[in-house]
>>> print(open('query12.txt').read())   # compact mmCIF, C-alpha atoms
# COMPACT_ATOMS: atom_id res chain seq x y z
CA MET A 1 95.13 143.79 123.24
CA LYS A 2 93.68 143.62 119.71
CA THR A 3 96.96 144.94 118.29
CA ILE A 4 98.98 142.27 120.14
CA PHE A 5 96.63 139.51 119.00
CA LYS A 6 96.85 140.71 115.38
CA THR A 7 100.64 140.82 115.55
CA LEU A 8 100.82 137.27 116.92
CA THR A 9 98.41 136.03 114.26
CA VAL A 10 100.49 137.56 111.45
CA ALA A 11 103.71 136.13 112.92
CA LEU A 12 102.18 132.66 113.15
CA ALA A 13 100.97 132.85 109.56
CA LEU A 14 104.44 133.84 108.36
CA VAL A 15 105.98 130.91 110.21
CA LEU A 16 103.51 128.47 108.68
CA LEU A 17 104.05 129.85 105.19
CA SER A 18 107.83 129.89 105.39
CA GLY A 19 108.30 126.50 107.04
CA ILE A 20 109.73 125.79 110.47
CA PRO A 21 113.45 124.90 110.33
CA GLY A 22 113.12 122.34 113.10
CA ARG A 23 110.36 120.52 111.21
CA ALA A 24 112.33 120.72 107.99
CA GLN A 25 114.91 118.52 109.69
CA VAL A 26 112.18 116.00 110.49
CA TYR A 27 110.56 115.85 107.06
CA ALA A 28 113.42 116.40 104.66
CA ASP A 29 116.94 115.93 105.95
CA SER A 30 118.86 114.95 102.83
CA SER A 31 122.15 115.34 104.73
CA THR A 32 121.35 112.25 106.81
CA GLN A 33 123.38 109.27 105.66
CA LEU A 34 121.31 106.42 104.29
CA ASP A 35 123.44 103.81 106.06
CA LYS A 36 121.93 104.90 109.37
CA TYR A 37 118.70 103.35 108.14
CA LEU A 38 119.44 100.99 105.24
CA VAL A 39 122.56 99.26 103.96
CA PRO A 40 123.14 97.26 100.77
CA VAL A 41 122.75 93.47 101.01
CA THR A 42 126.11 91.68 101.24
CA THR A 43 125.19 88.15 102.38
CA PRO A 44 123.06 85.42 100.74
CA THR A 45 120.51 85.30 103.58
CA ALA A 46 119.51 87.22 106.69
CA ALA A 47 117.50 86.42 109.81
CA PRO A 48 114.57 88.41 111.20
CA ASP A 49 115.53 90.74 114.03
CA ALA A 50 114.97 89.98 117.72
CA GLN A 51 111.29 90.91 117.43
CA GLY A 52 110.81 88.93 114.23
CA PHE A 53 110.66 91.91 111.86
CA LEU A 54 111.61 91.32 108.25
CA GLY A 55 114.50 93.63 107.42
CA ARG A 56 115.74 92.41 104.05
CA TRP A 57 113.92 93.84 101.02
CA LEU A 58 114.23 94.64 97.36
CA LEU A 59 113.02 98.24 97.18
CA LEU A 60 112.06 100.07 94.00
CA GLU A 61 112.81 103.77 93.83
CA PRO A 62 109.52 105.63 94.41
CA ILE A 63 106.94 105.99 91.65
CA SER A 64 105.51 109.50 91.46
CA LYS A 65 101.79 109.46 92.34
CA PRO A 66 100.75 113.00 93.32
CA ASN A 67 98.31 113.20 96.23
CA ARG A 68 97.80 116.42 98.15
CA SER A 69 96.07 114.63 101.04
CA ASN A 70 96.19 111.15 102.54
CA THR A 71 92.44 111.18 103.18
CA VAL A 72 91.83 109.81 99.67
CA PHE A 73 93.37 106.42 100.55
CA THR A 74 90.17 104.39 100.70
CA ASP A 75 90.22 100.65 99.99
CA SER A 76 88.94 101.22 96.44
CA TYR A 77 91.47 103.99 95.73
CA ILE A 78 94.54 102.04 96.78
CA ARG A 79 93.32 98.84 95.13
CA GLU A 80 93.05 100.73 91.85
CA ALA A 81 96.43 102.42 92.34
CA PHE A 82 98.21 99.12 93.05
CA ALA A 83 96.37 97.23 90.29
CA GLN A 84 98.11 99.35 87.65
CA GLN A 85 100.88 97.39 85.96
CA TYR A 86 104.01 99.42 86.66
CA PHE A 87 106.60 96.79 85.78
CA LYS A 88 106.94 93.29 84.35
CA GLY A 89 106.59 90.57 86.95
CA GLN A 90 104.66 92.75 89.41
CA LEU A 91 103.37 90.47 92.22
CA GLY A 92 104.95 87.46 90.50
CA ASP A 93 107.41 84.88 91.79
CA VAL A 94 110.24 85.83 89.41
CA LEU A 95 111.88 88.67 91.30
CA PRO A 96 113.85 91.63 89.97
CA LYS A 97 117.57 91.67 90.68
CA ASP A 98 119.50 94.25 92.64
CA GLY A 99 120.35 97.06 90.22
CA ASP A 100 117.65 96.17 87.65
CA LYS A 101 116.05 99.21 86.04
CA ILE A 102 112.53 99.80 84.79
CA LYS A 103 110.95 102.56 82.73
CA VAL A 104 107.54 103.83 83.82
CA THR A 105 105.34 106.76 82.81
CA VAL A 106 104.41 108.91 85.81
CA GLU A 107 102.78 112.22 86.67
CA TYR A 108 105.93 114.29 87.03
CA GLN A 109 106.34 116.46 90.15
CA PRO A 110 109.02 119.16 90.36
CA PRO A 111 111.59 118.53 93.13
CA VAL A 112 110.49 119.65 96.60
CA ASN A 113 112.30 122.61 98.17
CA LEU A 114 113.81 120.81 101.16
CA GLN A 115 114.22 124.03 103.13
CA GLY A 116 110.47 124.32 103.48
CA GLY A 117 109.80 121.16 105.45
CA ARG A 118 106.60 119.63 104.10
CA PRO A 119 105.68 120.33 100.45
CA MET A 120 104.29 123.84 100.06
CA GLY A 121 100.94 124.70 98.52
CA PHE A 122 98.81 121.87 99.93
CA GLY A 123 95.19 122.95 100.33
CA MET A 124 95.35 125.31 97.33
CA GLU A 125 94.21 124.61 93.79
CA ALA A 126 95.62 121.31 92.55
CA PRO A 127 98.43 121.76 89.99
CA LYS A 128 98.48 120.01 86.64
CA TYR A 129 101.13 117.33 86.26
CA GLU A 130 102.78 116.40 82.99
CA GLN A 131 103.24 112.79 81.95
CA LYS A 132 106.90 111.83 81.91
CA LYS A 133 108.78 108.57 81.38
CA VAL A 134 111.38 107.93 84.08
CA THR A 135 113.90 105.21 84.87
CA LEU A 136 113.77 103.67 88.34
CA LYS A 137 116.13 101.15 89.92
CA TRP A 138 115.72 98.24 92.34
CA HIS A 139 117.92 98.16 95.46
CA ALA A 140 118.55 95.13 97.70
CA MET A 141 118.70 96.57 101.22
CA ASP A 142 118.93 95.49 104.85
CA SER A 143 117.16 97.69 107.38
CA GLN A 144 119.15 98.84 110.40
CA MET A 145 116.01 98.97 112.54
CA PRO A 146 112.67 97.15 112.84
CA ASN A 147 110.90 99.55 110.47
CA VAL A 148 112.00 100.19 106.90
CA LYS A 149 112.53 103.93 106.41
CA LEU A 150 111.18 104.48 102.90
CA PHE A 151 111.34 108.26 103.21
CA ARG A 152 115.07 108.16 103.96
CA PHE A 153 115.56 105.67 101.12
CA ALA A 154 113.84 108.10 98.74
CA THR A 155 115.50 111.25 100.05
CA ASN A 156 118.98 109.85 99.57
CA LEU A 157 118.44 108.27 96.14
CA THR A 158 115.89 110.29 94.18
CA GLU A 159 114.10 113.62 94.06
CA ASP A 160 110.65 112.05 94.66
CA ARG A 161 109.69 111.62 98.31
CA TYR A 162 106.14 112.99 98.67
CA GLY A 163 103.14 111.80 96.66
CA VAL A 164 104.69 108.44 95.83
CA ILE A 165 104.21 104.68 95.67
CA PHE A 166 106.91 102.34 96.98
CA TRP A 167 107.12 98.68 95.92
CA ALA A 168 108.94 96.16 98.11
CA VAL A 169 109.48 92.40 97.86
CA THR A 170 111.30 89.79 99.91
CA VAL A 171 111.66 86.00 100.09
CA VAL A 172 110.88 84.12 103.30
CA ASN A 173 112.58 80.72 103.34
CA CYS A 174 111.24 77.92 105.56
CA GLU A 175 112.72 74.51 106.33
CA GLU A 176 109.21 73.10 106.82
CA ASP A 177 105.59 74.23 106.57
CA ILE A 178 104.65 76.75 109.27
CA PRO A 179 100.84 76.76 109.60
CA ASN A 180 98.49 79.20 111.37
CA VAL A 181 100.65 82.31 111.21
CA ARG A 182 99.58 85.85 110.42
CA LEU A 183 101.36 88.60 108.51
CA ALA A 184 101.30 91.64 110.84
CA VAL A 185 102.02 95.02 109.27
CA GLY A 186 102.22 98.69 110.16
CA SER A 187 102.71 101.41 107.54
CA ASN A 188 102.79 105.13 106.95
CA SER A 189 100.56 105.72 105.07
CA ALA A 190 98.30 103.22 103.28
CA SER A 191 99.57 99.88 101.99
CA MET A 192 98.71 96.42 100.64
CA TRP A 193 100.55 93.12 101.15
CA TRP A 194 100.53 89.80 99.32
CA VAL A 195 101.86 86.37 100.33
CA ASN A 196 102.60 83.94 97.49
CA GLY A 197 100.42 85.94 95.11
CA GLU A 198 97.39 86.15 97.41
CA GLU A 199 96.23 89.38 99.08
CA ALA A 200 96.98 89.14 102.80
CA VAL A 201 96.60 92.60 104.39
CA ILE A 202 95.26 96.01 103.40
CA LEU A 203 95.85 99.16 105.47
CA SER A 204 93.76 102.06 104.16
CA GLY A 205 93.33 105.67 105.25
CA ASP A 206 95.73 108.28 106.57
CA ARG A 207 97.66 106.40 109.23
CA ARG A 208 100.89 106.40 111.17
CA ARG A 209 103.11 103.35 111.26
CA VAL A 210 102.19 101.26 114.30
CA MET A 211 103.63 97.83 115.06
CA ASP A 212 101.17 95.03 114.15
CA ASP A 213 98.56 97.63 113.16
CA CYS A 214 96.76 95.11 110.92
CA ALA A 215 97.17 91.36 110.58
CA SER A 216 96.16 88.85 107.93
CA GLN A 217 93.93 85.85 108.40
CA ARG A 218 95.71 82.63 109.36
CA LEU A 219 97.92 81.32 106.58
CA THR A 220 100.63 78.74 106.02
CA LEU A 221 104.19 79.56 105.16
CA LYS A 222 105.11 76.66 102.93
CA LYS A 223 108.35 74.72 103.04
CA GLY A 224 110.91 76.42 100.81
CA ARG A 225 110.42 79.81 99.19
CA ASN A 226 107.60 82.24 100.04
CA ILE A 227 107.26 85.57 98.22
CA ILE A 228 106.09 88.63 100.16
CA TRP A 229 105.12 91.69 98.11
CA GLY A 230 104.17 95.06 99.57
CA ALA A 231 103.14 98.45 98.18
CA VAL A 232 103.03 101.65 100.25
CA ILE A 233 101.40 104.88 99.08
CA ASN A 234 101.77 108.28 100.72
CA GLY A 235 101.11 111.95 100.05
CA PRO A 236 102.56 114.82 102.12
CA GLY A 237 104.43 113.03 104.87
CA MET A 238 106.93 110.44 105.99
CA SER A 239 106.83 106.87 104.62
CA ASP A 240 107.86 103.64 106.31
CA PHE A 241 106.64 100.18 107.25
CA CYS A 242 107.28 97.29 109.61
CA CYS A 243 106.36 93.72 108.83
CA ARG A 244 106.62 90.35 110.58
CA PHE A 245 104.89 86.99 110.98
CA ILE A 246 103.28 86.14 114.32
CA ASP A 247 101.98 82.81 115.64
CA GLU A 248 98.70 81.94 117.37
CA ALA A 249 100.00 83.40 120.64
CA GLY A 250 101.07 86.65 118.96
CA LYS A 251 104.74 85.77 119.27
CA PRO A 252 107.14 86.47 116.37
CA VAL A 253 108.04 83.72 113.92
CA LYS A 254 111.83 83.46 113.85
CA ASN A 255 112.64 80.06 112.36
CA ILE A 256 112.87 81.55 108.87
CA THR A 257 115.52 83.24 106.73
CA LEU A 258 115.23 86.12 104.29
CA SER A 259 116.68 86.59 100.83
CA THR A 260 116.06 88.57 97.67
CA LYS A 261 116.26 85.71 95.16
>>> encode(input="query12.txt", output="C-alpha cells")
Amino acid sequence: MKTIFKTLTVALALVLLSGIPGRAQVYADSSTQLDKYLVPVTTPTAAPDAQGFLGRWLLLEPISKPNRSNTVFTDSYIREAFAQQYFKGQLGDVLPKDGDKIKVTVEYQPPVNLQGGRPMGFGMEAPKYEQKKVTLKWHAMDSQMPNVKLFRFATNLTEDRYGVIFWAVTVVNCEEDIPNVRLAVGSNSASMWWVNGEEAVILSGDRRRVMDDCASQRLTLKKGRNIIWGAVINGPGMSDFCCRFIDEAGKPVKNITLSTK
C-alpha cells in the first residue's frame, strides 16, 4: 500500500511540474483566433449589448508588471500601481487614437513557455527583472461577448500575458443627462475605474470576473461625451472584465452609444 501511495504521489508531482495539456489549452491557447473574442472597430459608434455591457474599447497592449501572486492586490498596492504615469494623457479626456504607440520602461519578463499552461516557477525564489524600454500600441476593438477577453487580446498580439497591467478607455455618448446610475464592473483580477476623471469603482484582491461584482455610488452621465477609463492588473492567470451602467432598479442603461473618440 505504501509503495502504491508513493508511486501515485510521484506521478502527481510530475504532472504538476510538467503542466497539464488540457489546462494549457485553457490558459495559453495562442492558436485561438482573436476575432472570436475581439474585432477591430469599423463603425463610428456602437450600442451596448442586450444586457447593457460596454463592448467598444481602446485597449493598450499589456504593460509588464511582474507579480507571482494575486494576493498582493490590496487597495494601496493597486492605487500605487495605477498612479504611475505610463503614458501622456493617462486618465485625461484627450484620448489616444487607434494605432498610436507609446514607449514605456517596464520590468522585462522572458516569454512564457505556452506548452506549460500557467507560468512555471511560482512559489519559488522571485527572479530579478531587468528594466527595458518597450513600444506598445493602442487598438480600437469591439468585444464579441459581454466580457472583454484581455488575456486573448494579449496572447494574440504580444508576448506578455501574465504579470501585466491593461489600460482601457471608451466614450459613452448621451443625448441628455442620465442621473442616478451606477457603473457596475467585474474583473479578473484587480481593477480600478474612472468616470470623467473621477474614481468610480475599485476591485481589489485576487478575484474572478463576476457580472456586477462591484458598483459605484450614484452618478450622472452628462449630456454629450463621457470618458470611462479602466485599468486591470493580474499575475498568474486569465484577465478579463465586464462593465455596464445600471439604473436605480438594477436594470441596464441602454440609451447611450459608444465610441473611441
>>> closest_residue(input="query12.txt", among="A:Leu136, A:Ile78, A:Leu183, A:Leu203", to="Ile63 (chain A)", atoms="all atoms listed in the file")
A:Leu136
>>> closest_atom_pairs(input="query12.txt", of="region 180-214 of chain A", to="region 86-109 of chain A", cutoff="12 Å", atoms="all atoms listed in the file", output="CSV")
residue,atom,partner,partner_atom,distance
A:Met192,CA,A:Leu91,CA,11.3
A:Trp193,CA,A:Leu91,CA,9.7
A:Trp194,CA,A:Leu91,CA,7.7
A:Val195,CA,A:Leu91,CA,9.2
A:Asn196,CA,A:Asp93,CA,7.5
A:Gly197,CA,A:Leu91,CA,6.1
A:Glu198,CA,A:Leu91,CA,9.0
A:Glu199,CA,A:Leu91,CA,10.0
>>> write_last_selection(input="query12.txt", atoms="C-alpha atoms", output="JSON list (two decimals), in the coordinates of the input")
[["chain", "number", "residue", "atom", "x", "y", "z"],
["A", 192, "MET", "CA", 98.71, 96.42, 100.64],
["A", 193, "TRP", "CA", 100.55, 93.12, 101.15],
["A", 194, "TRP", "CA", 100.53, 89.80, 99.32],
["A", 195, "VAL", "CA", 101.86, 86.37, 100.33],
["A", 196, "ASN", "CA", 102.60, 83.94, 97.49],
["A", 197, "GLY", "CA", 100.42, 85.94, 95.11],
["A", 198, "GLU", "CA", 97.39, 86.15, 97.41],
["A", 199, "GLU", "CA", 96.23, 89.38, 99.08]]
>>> closest_residue(input="query12.txt", among="A:Pro252, A:Pro66, A:Gly237, A:Gly186", to="Asn147 (chain A)", atoms="all atoms listed in the file")
A:Gly186
>>> residues_around(input="query12.txt", residues="Val148 (chain A)", least_positions_apart="4", cutoff="10 Å", atoms="all atoms listed in the file", output="list in words")
Tyr37, Leu38, Phe53, Leu54, Gly55, Arg56, Trp57, Leu59, Met141, Asp142, Ser143, Gln144, Arg152, Phe153, Ser187, Ser239, Asp240, Phe241, Cys242 and Cys243 of chain A
>>> closest_residue(input="query12.txt", among="A:Asn70, A:Trp229, A:Val171, A:Asp213", to="Ser189 (chain A)", atoms="only C-alpha atoms")
A:Asn70
>>> residues_near_point(input="query12.txt", point="(116.8, 88.0, 117.0)", cutoff="12 Å", atoms="all atoms listed in the file", output="mmCIF file with C-alpha atoms, in the coordinates of the input")
data_model
loop_
_atom_site.group_PDB
_atom_site.id
_atom_site.type_symbol
_atom_site.label_atom_id
_atom_site.label_comp_id
_atom_site.auth_asym_id
_atom_site.auth_seq_id
_atom_site.Cartn_x
_atom_site.Cartn_y
_atom_site.Cartn_z
ATOM 1 C CA ALA A 46 119.510 87.220 106.690
ATOM 2 C CA ALA A 47 117.500 86.420 109.810
ATOM 3 C CA PRO A 48 114.570 88.410 111.200
ATOM 4 C CA ASP A 49 115.530 90.740 114.030
ATOM 5 C CA ALA A 50 114.970 89.980 117.720
ATOM 6 C CA GLN A 51 111.290 90.910 117.430
ATOM 7 C CA GLY A 52 110.810 88.930 114.230
ATOM 8 C CA PHE A 53 110.660 91.910 111.860
ATOM 9 C CA LEU A 54 111.610 91.320 108.250
ATOM 10 C CA GLY A 55 114.500 93.630 107.420
ATOM 11 C CA MET A 145 116.010 98.970 112.540
ATOM 12 C CA PRO A 146 112.670 97.150 112.840
ATOM 13 C CA PRO A 252 107.140 86.470 116.370
ATOM 14 C CA VAL A 253 108.040 83.720 113.920
ATOM 15 C CA LYS A 254 111.830 83.460 113.850
ATOM 16 C CA ASN A 255 112.640 80.060 112.360
ATOM 17 C CA ILE A 256 112.870 81.550 108.870
ATOM 18 C CA THR A 257 115.520 83.240 106.730
#
>>> atom_distance(input="query12.txt", atom1="CA of Ile228 (chain A)", atom2="CA of Val134 (chain A)")
25.7 Å
>>> atom_distance(input="query12.txt", atom1="CA of Lys137 (chain A)", atom2="CA of Val172 (chain A)")
22.3 Å
>>> closest_residue(input="query12.txt", among="A:Pro236, A:Pro179, A:Gly230, A:Gly205", to="Phe151 (chain A)", atoms="all atoms listed in the file")
A:Pro236
>>> closest_residue(input="query12.txt", among="A:Glu159, A:Val169, A:Asp177, A:Ser64", to="Leu258 (chain A)", atoms="only C-alpha atoms")
A:Val169
>>> atom_distance(input="query12.txt", atom1="CA of Cys174 (chain A)", atom2="CA of Lys222 (chain A)")
6.8 Å
>>> closest_residue(input="query12.txt", among="A:Gly235, A:Pro44, A:Pro110, A:Gly250", to="Phe166 (chain A)", atoms="all atoms listed in the file")
A:Gly235
>>> build_atoms(input="query12.txt", residues="region 80-114 of chain A", atoms="N, CA and C atoms", output="PDB file, in the frame of the given file")
ATOM      1  N   GLU A  80      92.896 100.284  93.237  1.00  0.00           N
ATOM      2  CA  GLU A  80      93.050 100.730  91.850  1.00  0.00           C
ATOM      3  C   GLU A  80      94.471 101.190  91.573  1.00  0.00           C
ATOM      4  N   ALA A  81      95.060 101.918  92.523  1.00  0.00           N
ATOM      5  CA  ALA A  81      96.430 102.420  92.340  1.00  0.00           C
ATOM      6  C   ALA A  81      97.424 101.279  92.225  1.00  0.00           C
ATOM      7  N   PHE A  82      97.261 100.229  93.049  1.00  0.00           N
ATOM      8  CA  PHE A  82      98.210  99.120  93.050  1.00  0.00           C
ATOM      9  C   PHE A  82      97.915  98.098  91.954  1.00  0.00           C
ATOM     10  N   ALA A  83      96.708  98.155  91.379  1.00  0.00           N
ATOM     11  CA  ALA A  83      96.370  97.230  90.290  1.00  0.00           C
ATOM     12  C   ALA A  83      97.019  97.644  88.974  1.00  0.00           C
ATOM     13  N   GLN A  84      97.432  98.913  88.876  1.00  0.00           N
ATOM     14  CA  GLN A  84      98.110  99.350  87.650  1.00  0.00           C
ATOM     15  C   GLN A  84      99.408  98.576  87.472  1.00  0.00           C
ATOM     16  N   GLN A  85      99.677  98.178  86.249  1.00  0.00           N
ATOM     17  CA  GLN A  85     100.880  97.390  85.960  1.00  0.00           C
ATOM     18  C   GLN A  85     102.050  98.349  85.737  1.00  0.00           C
ATOM     19  N   TYR A  86     102.887  98.502  86.748  1.00  0.00           N
ATOM     20  CA  TYR A  86     104.010  99.420  86.660  1.00  0.00           C
ATOM     21  C   TYR A  86     105.250  98.766  86.051  1.00  0.00           C
ATOM     22  N   PHE A  87     105.402  97.459  86.266  1.00  0.00           N
ATOM     23  CA  PHE A  87     106.600  96.790  85.780  1.00  0.00           C
ATOM     24  C   PHE A  87     106.302  95.306  85.540  1.00  0.00           C
ATOM     25  N   LYS A  88     107.094  94.707  84.671  1.00  0.00           N
ATOM     26  CA  LYS A  88     106.940  93.290  84.350  1.00  0.00           C
ATOM     27  C   LYS A  88     107.234  92.447  85.586  1.00  0.00           C
ATOM     28  N   GLY A  89     106.384  91.450  85.817  1.00  0.00           N
ATOM     29  CA  GLY A  89     106.590  90.570  86.950  1.00  0.00           C
ATOM     30  C   GLY A  89     106.016  91.078  88.253  1.00  0.00           C
ATOM     31  N   GLN A  90     105.256  92.174  88.211  1.00  0.00           N
ATOM     32  CA  GLN A  90     104.660  92.750  89.410  1.00  0.00           C
ATOM     33  C   GLN A  90     103.781  91.709  90.113  1.00  0.00           C
ATOM     34  N   LEU A  91     104.060  91.455  91.379  1.00  0.00           N
ATOM     35  CA  LEU A  91     103.370  90.470  92.220  1.00  0.00           C
ATOM     36  C   LEU A  91     103.657  89.023  91.819  1.00  0.00           C
ATOM     37  N   GLY A  92     104.620  88.812  90.932  1.00  0.00           N
ATOM     38  CA  GLY A  92     104.950  87.460  90.500  1.00  0.00           C
ATOM     39  C   GLY A  92     106.003  86.810  91.377  1.00  0.00           C
ATOM     40  N   ASP A  93     106.406  85.594  90.994  1.00  0.00           N
ATOM     41  CA  ASP A  93     107.410  84.880  91.790  1.00  0.00           C
ATOM     42  C   ASP A  93     108.797  84.904  91.146  1.00  0.00           C
ATOM     43  N   VAL A  94     108.925  85.587  89.998  1.00  0.00           N
ATOM     44  CA  VAL A  94     110.240  85.830  89.410  1.00  0.00           C
ATOM     45  C   VAL A  94     110.638  87.256  89.794  1.00  0.00           C
ATOM     46  N   LEU A  95     111.586  87.373  90.712  1.00  0.00           N
ATOM     47  CA  LEU A  95     111.880  88.670  91.300  1.00  0.00           C
ATOM     48  C   LEU A  95     112.892  89.464  90.471  1.00  0.00           C
ATOM     49  N   PRO A  96     112.804  90.801  90.571  1.00  0.00           N
ATOM     50  CA  PRO A  96     113.850  91.630  89.970  1.00  0.00           C
ATOM     51  C   PRO A  96     115.170  91.386  90.698  1.00  0.00           C
ATOM     52  N   LYS A  97     116.243  91.785  90.069  1.00  0.00           N
ATOM     53  CA  LYS A  97     117.570  91.670  90.680  1.00  0.00           C
ATOM     54  C   LYS A  97     118.036  93.037  91.162  1.00  0.00           C
ATOM     55  N   ASP A  98     118.903  93.015  92.146  1.00  0.00           N
ATOM     56  CA  ASP A  98     119.500  94.250  92.640  1.00  0.00           C
ATOM     57  C   ASP A  98     120.148  94.994  91.475  1.00  0.00           C
ATOM     58  N   GLY A  99     119.788  96.258  91.296  1.00  0.00           N
ATOM     59  CA  GLY A  99     120.350  97.060  90.220  1.00  0.00           C
ATOM     60  C   GLY A  99     119.528  97.053  88.950  1.00  0.00           C
ATOM     61  N   ASP A 100     118.520  96.168  88.831  1.00  0.00           N
ATOM     62  CA  ASP A 100     117.650  96.170  87.650  1.00  0.00           C
ATOM     63  C   ASP A 100     116.951  97.517  87.531  1.00  0.00           C
ATOM     64  N   LYS A 101     116.715  97.934  86.294  1.00  0.00           N
ATOM     65  CA  LYS A 101     116.050  99.210  86.040  1.00  0.00           C
ATOM     66  C   LYS A 101     114.753  98.982  85.257  1.00  0.00           C
ATOM     67  N   ILE A 102     113.776  99.831  85.534  1.00  0.00           N
ATOM     68  CA  ILE A 102     112.530  99.800  84.790  1.00  0.00           C
ATOM     69  C   ILE A 102     112.232 101.205  84.277  1.00  0.00           C
ATOM     70  N   LYS A 103     111.433 101.282  83.221  1.00  0.00           N
ATOM     71  CA  LYS A 103     110.950 102.560  82.730  1.00  0.00           C
ATOM     72  C   LYS A 103     109.440 102.607  82.942  1.00  0.00           C
ATOM     73  N   VAL A 104     108.961 103.697  83.522  1.00  0.00           N
ATOM     74  CA  VAL A 104     107.540 103.830  83.820  1.00  0.00           C
ATOM     75  C   VAL A 104     107.104 105.266  83.565  1.00  0.00           C
ATOM     76  N   THR A 105     105.894 105.440  83.044  1.00  0.00           N
ATOM     77  CA  THR A 105     105.340 106.760  82.810  1.00  0.00           C
ATOM     78  C   THR A 105     104.607 107.223  84.064  1.00  0.00           C
ATOM     79  N   VAL A 106     104.964 108.398  84.561  1.00  0.00           N
ATOM     80  CA  VAL A 106     104.410 108.910  85.810  1.00  0.00           C
ATOM     81  C   VAL A 106     103.907 110.336  85.611  1.00  0.00           C
ATOM     82  N   GLU A 107     103.143 110.806  86.607  1.00  0.00           N
ATOM     83  CA  GLU A 107     102.780 112.220  86.670  1.00  0.00           C
ATOM     84  C   GLU A 107     103.946 112.949  87.336  1.00  0.00           C
ATOM     85  N   TYR A 108     104.689 113.691  86.544  1.00  0.00           N
ATOM     86  CA  TYR A 108     105.930 114.290  87.030  1.00  0.00           C
ATOM     87  C   TYR A 108     105.665 115.415  88.021  1.00  0.00           C
ATOM     88  N   GLN A 109     106.397 115.396  89.150  1.00  0.00           N
ATOM     89  CA  GLN A 109     106.340 116.460  90.150  1.00  0.00           C
ATOM     90  C   GLN A 109     107.696 117.143  90.226  1.00  0.00           C
ATOM     91  N   PRO A 110     107.738 118.474  90.187  1.00  0.00           N
ATOM     92  CA  PRO A 110     109.020 119.160  90.360  1.00  0.00           C
ATOM     93  C   PRO A 110     109.616 118.824  91.714  1.00  0.00           C
ATOM     94  N   PRO A 111     110.950 118.840  91.847  1.00  0.00           N
ATOM     95  CA  PRO A 111     111.590 118.530  93.130  1.00  0.00           C
ATOM     96  C   PRO A 111     111.085 119.447  94.244  1.00  0.00           C
ATOM     97  N   VAL A 112     110.941 118.887  95.447  1.00  0.00           N
ATOM     98  CA  VAL A 112     110.490 119.650  96.600  1.00  0.00           C
ATOM     99  C   VAL A 112     111.636 120.505  97.127  1.00  0.00           C
ATOM    100  N   ASN A 113     111.324 121.754  97.502  1.00  0.00           N
ATOM    101  CA  ASN A 113     112.300 122.610  98.170  1.00  0.00           C
ATOM    102  C   ASN A 113     112.477 122.098  99.593  1.00  0.00           C
ATOM    103  N   LEU A 114     113.609 121.459  99.872  1.00  0.00           N
ATOM    104  CA  LEU A 114     113.810 120.810 101.160  1.00  0.00           C
ATOM    105  C   LEU A 114     113.914 121.784 102.324  1.00  0.00           C
TER     106      LEU A 114
END
